[in-house]
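The structure appears right after this line, and notes come after that.
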Amino acid sequence: MVASRSGLSRDEIVARLEELIGADKVDTDPHELREASVDRFKKYTAVHGIFDGPIPAAIAYAESTADVSAILRFADENLINVVPRTGRTATEGGLETIVEDTIVLDGSRMNAIIEIDPIDMMVTAQCGVPLQLLEDTLRAQGLTTGHSPQSKPLAQMGGLVATRSIGQFSTLYGGIEDMVVGLEAVFPGGAVSRIKNVPRRAAGPDIRHMIIGNEGALCVITEVTVKLFTYQPENNRFLGYLVDSLPAGVAGLREIMVAGYRPSVARVYSEEDAAQHFSHFADGKAVVVIVAEGPQGIADATAAGVERIFEGIPHERVDSALIEQWFDGLNWGQDKIDAEKRQMRESAHLGYTTEVSIDWSGVSDLFESVMHRVRTEFPHAADLTMLGGHSSHSYQTGTNLYFVYDYDIRCEPREEIVQYHEPLNAIVVEEALRLGGSMVHHHGIGKYRTPWTLEEHGTAYPLLQVLKSGLDPNGIMNRGTIYPMEAASA
C-alpha cells in the first residue's frame, strides 16, 4: 500500500469530482470500488472476496474528452493517483490501485464510432467503443480492423491501444501498433494532444509510440483511428498438422515466415498444451494451426506454400473442419469468465499464462529451460496439473512463447499469488531475459513485471524514464505500472 500524497481527504476528492463532472458520473458503491481495485492478475483472490490493496476513492465515468481533461487537471493539481481503464480485461496488475484514494478514470461511456471511412480505409472511435461492436458494424459493410484478441467480446479500443494489444490474426495484420493511424490523448494537467491521420510521415520520431502501450502511466487515450481491411471470410483456408514437438512445429513456422508467407494465424502447441485444446485428435502430439485469408488468390497461394513447407516436416494432417471448429470457440466473453469463477470457487484449481518473445535461434532453449526450472525449482511442482506452451505470433526474426500452467491450490486463497503465480511468472521472465528475449510480448508490464523493467531496457531505460518525468512530472498516472516504484520516485 502506498500512501496518498494529496492534501484532500477521501470525501473531499469525491465531492470535488461530483462538482467537476456531475454526481451521476461518480460511483462510490463499495462493491464496485472493491472490484475496481484489482484486475485479472488477482482473479483467484477476487473471486473469494479478498481485496487487500487500497480501495479507490471513486470511479469517475468520463463521457467526453472534456471530462477526462477536467479530471486529470484536478488530479494533477492535488497529487491524486489516477488509474485509467476501459474494457477491464488487463491481466498483469495494470489496473490495480496500489495508492490510497486513487481515482479510477473509466472511459467506457465514451463509446461513439465517430467515422467509418471506406475510401481512405480508416475508422475513428472513442476509447470506450467495444471491439466486438466495432467489428460487427464493420463486417456488415464488408470491412474489418483485422484485430481479434481473445478478449474481443469484452475489450474496448482505448485499452487495446494503451496495452499494445495483439490479435489472433497478427501474422497478417500486425499488432495494434501497426494498425493505429492517429489518436487523441489527454495528459496530466488536462492538455489534449491529437496526432493526425496520415499514411506515413518523416517529421521526426513517430510520436504515436509515446502513447501506444503507455498502460495509463503517461496519459489517457480518448480516441483512436485504425486502418481498415476488406473482410473476405469466404476465402479462409484452415490447415492443421500433428508434429513431434513444439520445436519441430516452430521450425515450420520459421520457414513460413522467412519464405515470405503471411497466414493470418500461425500457431504451434506443445504436446501438453495441445492435450487440453485438441484432446479429440492431438493423440500426444504437438499441434500446428494455420489460417490463410485475404483475396482468394493470396489465400490459396499461402495455403499451398504452407503445405509445401510441411511436406519436409514429419507430420500427420488434421481435418480442416476440426481446426475451424476449434477456432470459432477461442474467444473469451463474460460467459467463460463467469464459468471460470464458478470453477475456481468449487475446485481450488487455476490456470494462468505468461507470454514472452525471442529470436528463432533461442526458442528451443527458452522452452526447455523454463520447463526444466519449473519442474526442478518450483516448490509446488507437484501441484501442477499441466505445464506447456505455445507460439501464437510470429515475425521475420522470431516468435512469442506463451507458457501455460494449471495447478491445484493447496494454500489459503490469499496466498495463491505469492505461492504459485508470482514464482512461476518470475521463472519465465528471468529465462526470457537471460536468453536475450523480451520479458513480455503483448500483455504489458503492469505492476508485476516492473522488477525487470530496468533489465528489459538496459541502457535505453533513460529514454523511457524521460517520458515519465516529462509527461507526468507530478507522478499521478497509474503509479507502479511500467516504472518500478523506486525508479519512478527517484
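Following the order of the C-alpha cells, chains are lettered A, B, ..., residues in each are numbered from 1, and ligands are numbered from 1.
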Inset, instruction - Going by DSSP on the backbone, which bits of range 358-454 of chain A are helix (DSSP H, G or I)? Write them as a VMD selection string, please. - result: chain A and resid 360 to 377 381 to 383 413 to 434 450 to 454
Legend entry - Residue contacts of range 304-316 of chain A (10 Å, only C-alpha atoms) excluding same-chain residues fewer than 5 positions away, as a ChimeraX atom specification: /A:237,239-244,248-249,251-253,255-257,259-263,285-288,290-292,298-299
Take the residues from that selection and write them out as a short mmCIF file (atom, residue, chain, number, x, y, z; two decimals), in the first residue's frame, keeping N, CA and C atoms.
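Result went into selection_16.cif, see below:
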```cif
data_model
loop_
_atom_site.label_atom_id
_atom_site.label_comp_id
_atom_site.auth_asym_id
_atom_site.auth_seq_id
_atom_site.Cartn_x
_atom_site.Cartn_y
_atom_site.Cartn_z
N ARG A 237 -8.73 -20.38 -45.44
CA ARG A 237 -8.27 -21.76 -45.55
C ARG A 237 -7.70 -22.18 -44.20
N LEU A 239 -5.69 -25.04 -41.93
CA LEU A 239 -4.76 -26.16 -42.03
C LEU A 239 -4.32 -26.58 -40.65
N GLY A 240 -4.13 -27.87 -40.44
CA GLY A 240 -3.65 -28.38 -39.16
C GLY A 240 -2.71 -29.55 -39.35
N TYR A 241 -1.71 -29.64 -38.48
CA TYR A 241 -0.72 -30.72 -38.56
C TYR A 241 -0.38 -31.21 -37.16
N LEU A 242 -0.21 -32.50 -37.03
CA LEU A 242 0.36 -33.08 -35.81
C LEU A 242 1.85 -33.29 -36.06
N VAL A 243 2.69 -32.77 -35.15
CA VAL A 243 4.14 -32.92 -35.27
C VAL A 243 4.68 -33.45 -33.95
N ASP A 244 5.97 -33.79 -33.95
CA ASP A 244 6.53 -34.50 -32.80
C ASP A 244 6.74 -33.63 -31.58
N ALA A 248 9.73 -28.72 -33.32
CA ALA A 248 9.51 -29.13 -34.71
C ALA A 248 8.47 -28.24 -35.38
N GLY A 249 7.42 -27.90 -34.65
CA GLY A 249 6.41 -27.01 -35.20
C GLY A 249 6.94 -25.61 -35.41
N ALA A 251 9.96 -24.80 -36.12
CA ALA A 251 10.80 -24.83 -37.31
C ALA A 251 9.95 -24.61 -38.56
N GLY A 252 8.76 -25.18 -38.57
CA GLY A 252 7.84 -24.96 -39.69
C GLY A 252 7.37 -23.52 -39.76
N LEU A 253 7.03 -22.93 -38.59
CA LEU A 253 6.62 -21.53 -38.57
C LEU A 253 7.72 -20.63 -39.12
N GLU A 255 10.07 -21.35 -41.28
CA GLU A 255 10.16 -21.46 -42.74
C GLU A 255 9.04 -20.68 -43.42
N ILE A 256 7.85 -20.72 -42.85
CA ILE A 256 6.73 -19.96 -43.41
C ILE A 256 7.04 -18.47 -43.44
N MET A 257 7.51 -17.95 -42.33
CA MET A 257 7.76 -16.52 -42.22
C MET A 257 8.93 -16.09 -43.10
N ALA A 259 10.09 -17.49 -45.73
CA ALA A 259 9.75 -17.63 -47.14
C ALA A 259 8.87 -16.49 -47.64
N GLY A 260 8.32 -15.71 -46.71
CA GLY A 260 7.53 -14.56 -47.12
C GLY A 260 6.03 -14.78 -47.09
N TYR A 261 5.59 -15.93 -46.61
CA TYR A 261 4.15 -16.17 -46.49
C TYR A 261 3.62 -15.49 -45.23
N ARG A 262 2.39 -15.01 -45.32
CA ARG A 262 1.79 -14.34 -44.17
C ARG A 262 0.38 -14.86 -43.91
N PRO A 263 0.27 -16.08 -43.37
CA PRO A 263 -1.05 -16.52 -42.93
C PRO A 263 -1.53 -15.62 -41.80
N LYS A 285 0.60 -35.57 -29.51
CA LYS A 285 1.47 -34.83 -30.42
C LYS A 285 1.34 -33.32 -30.19
N ALA A 286 2.32 -32.57 -30.69
CA ALA A 286 2.19 -31.12 -30.79
C ALA A 286 1.30 -30.81 -31.99
N VAL A 287 0.63 -29.67 -31.95
CA VAL A 287 -0.34 -29.33 -32.99
C VAL A 287 0.03 -27.99 -33.61
N VAL A 288 0.07 -27.94 -34.93
CA VAL A 288 0.28 -26.71 -35.68
C VAL A 288 -1.05 -26.28 -36.29
N ILE A 290 -2.80 -23.32 -38.82
CA ILE A 290 -2.56 -22.27 -39.81
C ILE A 290 -3.90 -21.84 -40.39
N VAL A 291 -4.08 -20.52 -40.52
CA VAL A 291 -5.23 -19.97 -41.24
C VAL A 291 -4.70 -18.99 -42.28
N ALA A 292 -5.08 -19.21 -43.53
CA ALA A 292 -4.74 -18.28 -44.61
C ALA A 292 -5.99 -17.52 -45.01
N ILE A 298 -4.45 -14.98 -53.03
CA ILE A 298 -3.43 -14.91 -51.97
C ILE A 298 -3.66 -16.01 -50.95
N ALA A 299 -4.93 -16.20 -50.55
CA ALA A 299 -5.22 -17.25 -49.56
C ALA A 299 -4.83 -18.62 -50.09
#
```
Please report, as CSV, each residue of range 290-401 of chain A lying at most 9 Å from range 433-456 of chain A, together with the nearest pair of atoms and the separation in Å rounded to one decimal; use only C-alpha atoms, and order rows by chain and ascending residue number.
```
residue,atom,partner,partner_atom,distance
A:Thr354,CA,A:Val440,CA,7.9
A:Glu355,CA,A:Val440,CA,5.8
A:Val356,CA,A:Val440,CA,4.4
A:Ser357,CA,A:Ser438,CA,5.2
A:Ile358,CA,A:Gly437,CA,4.3
A:Asp359,CA,A:Gly437,CA,6.9
A:Gly362,CA,A:Leu435,CA,6.8
A:Asp365,CA,A:Leu435,CA,8.0
A:Leu366,CA,A:Leu435,CA,6.9
A:Asn400,CA,A:His441,CA,6.5
A:Leu401,CA,A:His441,CA,8.4
```
Would you mind exporting N, CA, C and O atoms of the selected residues as a compact mmCIF listing (two decimals), in the first residue's frame?
```
# COMPACT_ATOMS: atom_id res chain seq x y z
N THR A 354 2.00 -16.88 -18.98
CA THR A 354 3.00 -15.81 -19.06
C THR A 354 3.58 -15.84 -20.46
O THR A 354 4.04 -16.89 -20.92
N GLU A 355 3.53 -14.70 -21.17
CA GLU A 355 3.99 -14.69 -22.56
C GLU A 355 5.20 -13.78 -22.72
O GLU A 355 5.30 -12.73 -22.10
N VAL A 356 6.14 -14.23 -23.55
CA VAL A 356 7.39 -13.53 -23.79
C VAL A 356 7.70 -13.65 -25.29
O VAL A 356 6.96 -14.28 -26.04
N SER A 357 8.82 -13.06 -25.72
CA SER A 357 9.22 -13.23 -27.13
C SER A 357 10.72 -13.46 -27.22
O SER A 357 11.47 -13.09 -26.32
N ILE A 358 11.12 -14.08 -28.34
CA ILE A 358 12.54 -14.41 -28.51
C ILE A 358 12.83 -14.66 -29.98
O ILE A 358 11.93 -15.00 -30.77
N ASP A 359 14.10 -14.48 -30.37
CA ASP A 359 14.51 -14.77 -31.74
C ASP A 359 14.36 -16.26 -32.03
O ASP A 359 14.37 -17.09 -31.11
N GLY A 362 16.61 -18.87 -30.36
CA GLY A 362 16.53 -19.10 -28.93
C GLY A 362 15.28 -19.82 -28.47
O GLY A 362 15.13 -20.09 -27.27
N ASP A 365 15.80 -23.36 -26.67
CA ASP A 365 16.48 -23.19 -25.39
C ASP A 365 15.56 -22.58 -24.35
O ASP A 365 15.54 -23.00 -23.19
N LEU A 366 14.79 -21.57 -24.76
CA LEU A 366 13.89 -20.92 -23.82
C LEU A 366 12.81 -21.88 -23.34
O LEU A 366 12.55 -21.98 -22.14
N ASN A 400 6.73 -15.44 -30.43
CA ASN A 400 6.43 -15.36 -29.00
C ASN A 400 6.29 -16.77 -28.44
O ASN A 400 6.07 -17.73 -29.19
N LEU A 401 6.42 -16.89 -27.15
CA LEU A 401 6.10 -18.13 -26.47
C LEU A 401 5.15 -17.82 -25.32
O LEU A 401 5.45 -16.96 -24.48
```
Inset, instruction - Pick out the closest residue to Val363 in chain A from this set: A:Leu131, A:Ser264, A:Met386, A:Leu246. Count only C-alpha atoms. - result: A:Leu246
Legend entry - Spatial neighbours of range 326-330 of chain A, max dist 9 Å, only C-alpha atoms, sep filter under 3 positions, as JSON, numbers by chain: {"A": [150, 277, 278, 321, 322, 323]}
Please write the residues from the selection above to a file, keeping N, CA, C and O atoms, as a PDB file, in the first residue's frame.
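Wrote it out as selection13.pdb, contents follow:
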```pdb
ATOM      1  N   GLN A 150      -8.148 -12.504 -27.940  1.00  0.00           N
ATOM      2  CA  GLN A 150      -9.057 -13.441 -27.274  1.00  0.00           C
ATOM      3  C   GLN A 150     -10.089 -12.702 -26.424  1.00  0.00           C
ATOM      4  O   GLN A 150     -11.189 -13.190 -26.199  1.00  0.00           O
ATOM      5  N   HIS A 277      -6.371 -28.385 -25.539  1.00  0.00           N
ATOM      6  CA  HIS A 277      -7.115 -27.687 -26.601  1.00  0.00           C
ATOM      7  C   HIS A 277      -7.661 -28.642 -27.655  1.00  0.00           C
ATOM      8  O   HIS A 277      -8.702 -28.375 -28.254  1.00  0.00           O
ATOM      9  N   PHE A 278      -6.933 -29.723 -27.907  1.00  0.00           N
ATOM     10  CA  PHE A 278      -7.272 -30.610 -29.019  1.00  0.00           C
ATOM     11  C   PHE A 278      -7.319 -32.060 -28.555  1.00  0.00           C
ATOM     12  O   PHE A 278      -6.803 -32.959 -29.216  1.00  0.00           O
ATOM     13  N   ALA A 321     -11.822 -29.042 -40.942  1.00  0.00           N
ATOM     14  CA  ALA A 321     -13.069 -28.717 -40.247  1.00  0.00           C
ATOM     15  C   ALA A 321     -12.859 -28.691 -38.738  1.00  0.00           C
ATOM     16  O   ALA A 321     -13.489 -27.890 -38.022  1.00  0.00           O
ATOM     17  N   LEU A 322     -11.955 -29.535 -38.219  1.00  0.00           N
ATOM     18  CA  LEU A 322     -11.668 -29.544 -36.790  1.00  0.00           C
ATOM     19  C   LEU A 322     -10.947 -28.269 -36.369  1.00  0.00           C
ATOM     20  O   LEU A 322     -11.202 -27.733 -35.289  1.00  0.00           O
ATOM     21  N   ILE A 323     -10.058 -27.777 -37.217  1.00  0.00           N
ATOM     22  CA  ILE A 323      -9.347 -26.534 -36.916  1.00  0.00           C
ATOM     23  C   ILE A 323     -10.324 -25.356 -36.930  1.00  0.00           C
ATOM     24  O   ILE A 323     -10.307 -24.505 -36.038  1.00  0.00           O
TER      25      ILE A 323
END
```
Legend entry - DSSP strand (DSSP E) residues within range 193-370 of chain A, as a VMD selection string: chain A and resid 193 to 195 220 to 227 229 to 230 237 to 243 265 to 269 286 to 292 316 to 318 349 to 359
Please produce an output containing C-alpha atoms for each residue in the selection, written as a CSV table (one decimal), in the first residue's frame.
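As a result, out.csv now contains:
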```
chain,number,residue,atom,x,y,z
A,193,SER,CA,-3.0,16.2,-27.9
A,194,ARG,CA,-4.1,15.0,-31.3
A,195,ILE,CA,-1.9,13.0,-33.7
A,220,VAL,CA,-5.4,8.7,-21.1
A,221,ILE,CA,-6.2,7.7,-24.7
A,222,THR,CA,-9.6,9.1,-25.6
A,223,GLU,CA,-9.9,8.5,-29.4
A,224,VAL,CA,-8.2,6.2,-31.9
A,225,THR,CA,-8.1,5.9,-35.7
A,226,VAL,CA,-7.1,2.5,-37.1
A,227,LYS,CA,-6.7,1.0,-40.5
A,229,PHE,CA,-9.1,-4.0,-44.5
A,230,THR,CA,-11.5,-5.9,-46.8
A,237,ARG,CA,-8.3,-21.8,-45.5
A,238,PHE,CA,-7.7,-23.8,-42.4
A,239,LEU,CA,-4.8,-26.2,-42.0
A,240,GLY,CA,-3.6,-28.4,-39.2
A,241,TYR,CA,-0.7,-30.7,-38.6
A,242,LEU,CA,0.4,-33.1,-35.8
A,243,VAL,CA,4.1,-32.9,-35.3
A,265,VAL,CA,-2.8,-17.4,-37.9
A,266,ALA,CA,0.3,-19.4,-37.4
A,267,ARG,CA,0.5,-21.4,-34.1
A,268,VAL,CA,2.1,-24.4,-32.6
A,269,TYR,CA,1.1,-26.0,-29.3
A,286,ALA,CA,2.2,-31.1,-30.8
A,287,VAL,CA,-0.3,-29.3,-33.0
A,288,VAL,CA,0.3,-26.7,-35.7
A,289,VAL,CA,-2.6,-24.4,-36.7
A,290,ILE,CA,-2.6,-22.3,-39.8
A,291,VAL,CA,-5.2,-20.0,-41.2
A,292,ALA,CA,-4.7,-18.3,-44.6
A,316,GLU,CA,0.0,-36.1,-39.8
A,317,ARG,CA,-2.7,-34.0,-41.4
A,318,VAL,CA,-5.6,-32.7,-39.3
A,349,HIS,CA,-7.9,-25.1,-9.4
A,350,LEU,CA,-6.4,-22.3,-11.6
A,351,GLY,CA,-4.8,-21.7,-15.0
A,352,TYR,CA,-2.5,-18.8,-15.9
A,353,THR,CA,-0.2,-17.8,-18.7
A,354,THR,CA,3.0,-15.8,-19.1
A,355,GLU,CA,4.0,-14.7,-22.6
A,356,VAL,CA,7.4,-13.5,-23.8
A,357,SER,CA,9.2,-13.2,-27.1
A,358,ILE,CA,12.5,-14.4,-28.5
A,359,ASP,CA,14.5,-14.8,-31.7
```
Legend entry - For range 199-203 of chain A: contacts at 12 Å, only C-alpha atoms, fewer than 5 positions along chain excluded, given as a list in words: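 My reading of the contact set: Asp120, Met121, Met122, Asp178, Met179, Val180, Val181, Gly182, Arg208, Thr225, Val226 and Lys227 of chain A.
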Selected residues, N, CA and C atoms, written as a PDB file, in the first residue's frame, please.
```
ATOM      1  N   ASP A 120     -10.622   6.063 -47.582  1.00  0.00           N
ATOM      2  CA  ASP A 120      -9.274   6.118 -47.022  1.00  0.00           C
ATOM      3  C   ASP A 120      -8.984   4.944 -46.101  1.00  0.00           C
ATOM      4  N   MET A 121      -9.953   4.054 -45.952  1.00  0.00           N
ATOM      5  CA  MET A 121      -9.805   2.796 -45.205  1.00  0.00           C
ATOM      6  C   MET A 121      -9.345   3.024 -43.774  1.00  0.00           C
ATOM      7  N   MET A 122     -10.141   3.847 -43.056  1.00  0.00           N
ATOM      8  CA  MET A 122      -9.874   4.129 -41.650  1.00  0.00           C
ATOM      9  C   MET A 122     -11.201   4.178 -40.896  1.00  0.00           C
ATOM     10  N   ASP A 178       0.615  -1.509 -35.344  1.00  0.00           N
ATOM     11  CA  ASP A 178       0.683  -1.470 -36.799  1.00  0.00           C
ATOM     12  C   ASP A 178      -0.623  -0.958 -37.406  1.00  0.00           C
ATOM     13  N   MET A 179      -1.674  -0.933 -36.620  1.00  0.00           N
ATOM     14  CA  MET A 179      -2.994  -0.545 -37.114  1.00  0.00           C
ATOM     15  C   MET A 179      -3.343   0.902 -36.826  1.00  0.00           C
ATOM     16  N   VAL A 180      -2.779   1.462 -35.744  1.00  0.00           N
ATOM     17  CA  VAL A 180      -3.131   2.826 -35.349  1.00  0.00           C
ATOM     18  C   VAL A 180      -2.595   3.823 -36.367  1.00  0.00           C
ATOM     19  N   VAL A 181      -3.494   4.677 -36.862  1.00  0.00           N
ATOM     20  CA  VAL A 181      -3.112   5.735 -37.785  1.00  0.00           C
ATOM     21  C   VAL A 181      -2.886   7.041 -37.020  1.00  0.00           C
ATOM     22  N   GLY A 182      -3.850   7.403 -36.202  1.00  0.00           N
ATOM     23  CA  GLY A 182      -3.738   8.605 -35.374  1.00  0.00           C
ATOM     24  C   GLY A 182      -4.536   8.411 -34.104  1.00  0.00           C
ATOM     25  N   ARG A 208       3.390   8.647 -32.105  1.00  0.00           N
ATOM     26  CA  ARG A 208       2.316   7.722 -31.719  1.00  0.00           C
ATOM     27  C   ARG A 208       2.821   6.735 -30.667  1.00  0.00           C
ATOM     28  N   THR A 225      -7.836   6.170 -34.274  1.00  0.00           N
ATOM     29  CA  THR A 225      -8.148   5.869 -35.666  1.00  0.00           C
ATOM     30  C   THR A 225      -7.268   4.708 -36.092  1.00  0.00           C
ATOM     31  N   VAL A 226      -7.896   3.670 -36.633  1.00  0.00           N
ATOM     32  CA  VAL A 226      -7.147   2.489 -37.057  1.00  0.00           C
ATOM     33  C   VAL A 226      -7.464   2.173 -38.516  1.00  0.00           C
ATOM     34  N   LYS A 227      -6.571   1.415 -39.130  1.00  0.00           N
ATOM     35  CA  LYS A 227      -6.733   1.001 -40.524  1.00  0.00           C
ATOM     36  C   LYS A 227      -7.917   0.055 -40.695  1.00  0.00           C
TER      37      LYS A 227
END
```
Legend entry - Residues within 7 Å of Ile476 in chain A, only C-alpha atoms, excluding chain neighbours under 5 positions, as a ChimeraX atom specification: /A:76,79-82
Legend entry - Glu340 in chain A surroundings by only C-alpha atoms, 10 Å radius, close-in-sequence under 4 positions cut, as an NGL selection string: :A and (43-44 or 47 or 334-336 or 344-346 or 349-351)
Inset, instruction - Just give me the gap between CA of Gln419 in chain A and CA of Gly87 in chain A in Å, one decimal is fine. - result: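 Taking CA of Gln419 in chain A and CA of Gly87 in chain A, their separation equals 28.6 Å.
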Legend entry - Among listed residues A:Glu35, A:Ala70, A:Thr97, A:Ser151, nearest Gly480 in chain A (using only C-alpha atoms): A:Thr97
Legend entry - Separation of CA of Glu135 in chain A from CA of Asn331 in chain A in Å: 13.8 Å
Inset, instruction - Pick out the closest residue to Met110 in chain A from this set: A:Gln156, A:Pro30, A:Thr89, A:Thr145. Count only C-alpha atoms. - result: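 For Met110 in chain A, the nearest of the given residues is A:Gln156.
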Inset, instruction - Compare A:Asn78, A:Trp360, A:Val429, A:Gly22 by their minimum atom-to-atom distance to Arg254 in chain A, counting only C-alpha atoms, and give me the closest one. - result: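 Once distances to Arg254 in chain A are computed over only C-alpha atoms, the minimum belongs to A:Trp360.
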Inset, instruction - Tell me which protein, DNA and RNA residues are within 9 Å of Asp52 in chain A, counting only C-alpha atoms, leaving out same-chain ones fewer than 5 positions away, and put them as number ranges by chain. - result: A: 1, 37, 414
So that I have them on file, write out the residues from the current selection with N, CA, C and O atoms, as a PDB file, in the first residue's frame.
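Saved as out-v2.pdb:
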```pdb
ATOM      1  N   MET A   1       0.850  -1.192   0.000  1.00  0.00           N
ATOM      2  CA  MET A   1       0.000   0.000   0.000  1.00  0.00           C
ATOM      3  C   MET A   1       0.886   1.242   0.000  1.00  0.00           C
ATOM      4  O   MET A   1       1.850   1.334   0.754  1.00  0.00           O
ATOM      5  N   SER A  37     -10.384  -2.286  -7.632  1.00  0.00           N
ATOM      6  CA  SER A  37      -9.045  -2.215  -7.046  1.00  0.00           C
ATOM      7  C   SER A  37      -8.091  -3.263  -7.606  1.00  0.00           C
ATOM      8  O   SER A  37      -6.894  -3.226  -7.314  1.00  0.00           O
ATOM      9  N   ARG A 414      -5.639 -16.242  -0.073  1.00  0.00           N
ATOM     10  CA  ARG A 414      -4.829 -15.017  -0.035  1.00  0.00           C
ATOM     11  C   ARG A 414      -3.378 -15.287  -0.449  1.00  0.00           C
ATOM     12  O   ARG A 414      -2.691 -14.388  -0.944  1.00  0.00           O
TER      13      ARG A 414
END
```
